[in-house]
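Undergrad: Shown below is the structure under consideration.
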Amino acid sequence: MDLHFDRHRRIRNHPVLRDMVRETRVLTSDFMYPLFVTHDEGRHPVLSMPGVDHLSLEELKRETETLSELGVPAMMIFGIPAIKDDLSSEAYAENGIVQQAIQAVKQENSRMFVATDVCLCQYNPAGHCGVVHDDQILNDESLELLAKTALSHVQAGADLVAPSDMMDGRVAAIRTKLDKEGFVQTPIMSYAVKYASAFYGPFREAAHSTPAFGDRRTYQMDPANVREAMREARSDVAEGADILMVKPALAYMDVMRAVKESFDLPLAAYNVSGEYAMVKAAAQQGWIDEQAVVMEMMTGLKRAGAEILISYFAKDVARYLRASGS
Ligand code: PBG
């Protein structure tokens, strides 16, 4: 038989060579770990997210140490306020939960990179990401509050702010405010492309931020659209974003690739609560090999173009990588 074909398997036979020709690597240093901070004492599990807890400020310090020991270099802080009001006051209060959390982390370990989620939905009774009036989510009226929130985080010591509200113009509003106050060096990672997704379900339980009426579809994007994602990203680049994010991650890897190819800013992928919960649930049933599935997912996100992985799996991945000696 005189067949002519390529021998793709030649480079897969020896494990050393297989490692050397690997095109994508997941590193602990890729990760930002999201966490939820409350005014309550102690540590309380989020039932739909096994392994994730609500943390008091003291527990947050402990968690900071755990992350440092594991080599996870960055965190993203979400706050659960004591009170919710129509002006979302605790979002930008000097002694708000996030502002206190940032200081607590920095006190514990000044090298920990602290990013914060900038949004209003946890802070107002309507549970929407902007100012609500007559059941409408007002755009322009929200910008000043979002900018104040971002500024208060940076004044408390945040290294980066990440607006997730999806109001138009918020990157411009935040950039202008930060610059005016002298924080010209603080980067903005915009949730540039954020879809109205059912994958946020467990997060809303964790953050107590389920909308009291309606849904988020007048500001978050339709999962069906990718050309619109380009417009969102283009605006955020023009307004001064330093890093673009696509969220959720797994059902939107084509969007990541498209954003990556069209814009030369770094790209972050947010592997959200529902994506985490599904894996944990299947693993608890013994239906999947959790470690293998998690690493395959994270590798896929990097292959799709993400430099930064925001994931509740960050500590798990750090442990896997440590155990494998990489
Ligand atoms: C707040 C916010 C949400 C998430 C991050 N920031 C929820 C939402 O928009 O409803 C989701 C994170 C996750 O699901 O892990 N705007």
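The way I read the labels, and the way they are meant: chains A, B, ... in the order of the structure tokens, residue 1 as the first residue of every chain, and ligand 1 as the first ligand shown, with later ones counted on from there.
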Could you name the residues that touch A:Thr149 at 7 Å or less, counting only C-alpha atoms, but leaving out those on the same chain fewer than 2 positions away, as a PyMOL selection string?
TA: chain A and resi 91-92+118+145-147+151-153
Undergrad: Could you please take those selected residues and save C-alpha atoms as a PDB file, in the first residue's frame?
TA:
```
ATOM      1  CA  ALA A  91     -21.865  51.699  47.295  1.00  0.00           C
ATOM      2  CA  TYR A  92     -19.829  54.897  47.680  1.00  0.00           C
ATOM      3  CA  VAL A 118     -18.334  48.701  40.530  1.00  0.00           C
ATOM      4  CA  LEU A 145     -23.068  57.439  41.320  1.00  0.00           C
ATOM      5  CA  LEU A 146     -20.989  54.831  39.514  1.00  0.00           C
ATOM      6  CA  ALA A 147     -18.091  57.263  39.192  1.00  0.00           C
ATOM      7  CA  LEU A 151     -13.500  56.804  43.203  1.00  0.00           C
ATOM      8  CA  SER A 152     -14.324  55.677  46.744  1.00  0.00           C
ATOM      9  CA  HIS A 153     -12.851  52.233  46.013  1.00  0.00           C
TER      10      HIS A 153
END
```
Undergrad: Could you list, with a cut-off of 8 Å and counting only C-alpha atoms and all ligand atoms, the residues of chain A near ligand 1, each shown with its nearest atom pair and the distance in Å rounded to one decimal, rows sorted by chain and ascending number, as a tab-separated table?
TA:
```
residue	atom	partner	partner_atom_place_in_ligand_line	distance
A:Pro34	CA	ligand 1	15 (O)	8.0
A:Phe78	CA	ligand 1	6 (N)	7.9
A:Asp117	CA	ligand 1	6 (N)	6.4
A:Val118	CA	ligand 1	16 (N)	7.9
A:Cys119	CA	ligand 1	16 (N)	5.5
A:Leu120	CA	ligand 1	16 (N)	7.2
A:Cys121	CA	ligand 1	16 (N)	5.9
A:Gln122	CA	ligand 1	1 (C)	7.4
A:His128	CA	ligand 1	16 (N)	7.9
A:Cys129	CA	ligand 1	16 (N)	5.8
A:Ser164	CA	ligand 1	16 (N)	5.0
A:Asp165	CA	ligand 1	16 (N)	5.2
A:Lys194	CA	ligand 1	9 (O)	7.9
A:Ala196	CA	ligand 1	9 (O)	7.4
A:Ser197	CA	ligand 1	10 (O)	7.8
A:Phe199	CA	ligand 1	14 (O)	6.0
A:Tyr200	CA	ligand 1	14 (O)	3.4
A:Gly201	CA	ligand 1	14 (O)	6.4
A:Pro202	CA	ligand 1	14 (O)	6.4
A:Phe203	CA	ligand 1	14 (O)	4.4
A:Arg204	CA	ligand 1	7 (C)	6.0
A:Ser209	CA	ligand 1	10 (O)	6.8
A:Thr210	CA	ligand 1	10 (O)	6.9
A:Arg216	CA	ligand 1	10 (O)	7.3
A:Gln220	CA	ligand 1	9 (O)	7.7
A:Pro248	CA	ligand 1	14 (O)	7.6
A:Tyr270	CA	ligand 1	15 (O)	7.4
A:Asn271	CA	ligand 1	15 (O)	6.9
A:Val272	CA	ligand 1	15 (O)	3.5
A:Ser273	CA	ligand 1	15 (O)	3.6
A:Gly274	CA	ligand 1	14 (O)	6.1
A:Ser311	CA	ligand 1	15 (O)	8.0
A:Tyr312	CA	ligand 1	15 (O)	7.9
```
Undergrad: What is the distance, in Å and to one decimal place, between atom CA of A:Val255 and atom CA of A:Ala229?
TA: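 Straight-line distance from atom CA of A:Val255 to atom CA of A:Ala229 works out to 7.4 Å.
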Undergrad: What are the DSSP alpha helix (DSSP H) residues of stretch 115-317 of chain A, as a PyMOL selection string?
TA: chain A and resi 140-156+170-180+201-207+227-239+253-262+273-284+290-303+314-317
Undergrad: Could you pull the residues within 12 Å of A:Asp135, counting only C-alpha atoms, minus those fewer than 3 positions along the same chain, as a VMD selection string?
TA: chain A and resid 126 to 128 130 to 132 138 211 to 216 218
Undergrad: From the options A:Ile308, A:Ser235, A:Ile243, A:Leu301, which residue's atoms come nearest to A:Thr24, counting only C-alpha atoms?
TA: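 When distances to A:Thr24 are compared using only C-alpha atoms, the smallest one comes from A:Leu301.
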Undergrad: Any idea what's packed within 10 Å of A:Phe263, counting only C-alpha atoms, ignoring anything in its chain fewer than 6 positions away? Could you give it as a ChimeraX atom specification?
TA: /A:230,233-234,237,244
Undergrad: For A:Ile174, find every residue with an atom within 12 Å (counting only C-alpha atoms), except residues of its own chain fewer than 5 positions away, and show them as an MDAnalysis selection string.
TA: chainID A and resid 118:119 142:154 160:163 167:169 179:181 183:184 186:190 236 239:241
Undergrad: Could you please determine the separation between atom CA of A:Leu55 and atom CA of A:Val37 in Å, to one decimal place?
TA: 4.8 Å
Undergrad: Can you pull out every residue within 10 Å of A:Gln99, counting only C-alpha atoms, but drop anything in the same chain fewer than 2 positions away, and send it as a count of residues only?
TA: 23
Undergrad: Which one is closest to A:Glu205: A:Asp40, A:Asp222, A:Asp86, A:Asp53? Count only C-alpha atoms.
TA: A:Asp53
Undergrad: Write out as a PDB file with N, CA, C and O atoms, in the first residue's frame which residues come within 8 Å of A:Gly71 when counting only C-alpha atoms, dropping same-chain ones fewer than 4 positions away.
TA:
```pdb
ATOM      1  N   THR A  28      -1.239  29.908  37.698  1.00  0.00           N
ATOM      2  CA  THR A  28      -1.903  30.508  38.865  1.00  0.00           C
ATOM      3  C   THR A  28      -1.903  32.033  38.742  1.00  0.00           C
ATOM      4  O   THR A  28      -2.843  32.705  39.171  1.00  0.00           O
ATOM      5  N   SER A  29      -0.860  32.561  38.123  1.00  0.00           N
ATOM      6  CA  SER A  29      -0.760  34.022  37.993  1.00  0.00           C
ATOM      7  C   SER A  29      -1.762  34.611  36.995  1.00  0.00           C
ATOM      8  O   SER A  29      -1.831  35.820  36.838  1.00  0.00           O
ATOM      9  N   LEU A  67      -4.956  32.876  49.888  1.00  0.00           N
ATOM     10  CA  LEU A  67      -4.665  33.156  48.476  1.00  0.00           C
ATOM     11  C   LEU A  67      -3.170  33.393  48.281  1.00  0.00           C
ATOM     12  O   LEU A  67      -2.570  32.870  47.335  1.00  0.00           O
ATOM     13  N   ALA A 318      -4.962  26.626  41.611  1.00  0.00           N
ATOM     14  CA  ALA A 318      -3.645  26.826  42.229  1.00  0.00           C
ATOM     15  C   ALA A 318      -3.187  25.535  42.910  1.00  0.00           C
ATOM     16  O   ALA A 318      -2.018  25.159  42.831  1.00  0.00           O
TER      17      ALA A 318
END
```
Undergrad: Just give me the gap between atom CA of A:Ala269 and atom CA of A:Glu232 in Å, one decimal is fine.
TA: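 Result for atom CA of A:Ala269 versus atom CA of A:Glu232: 15.6 Å, one decimal.
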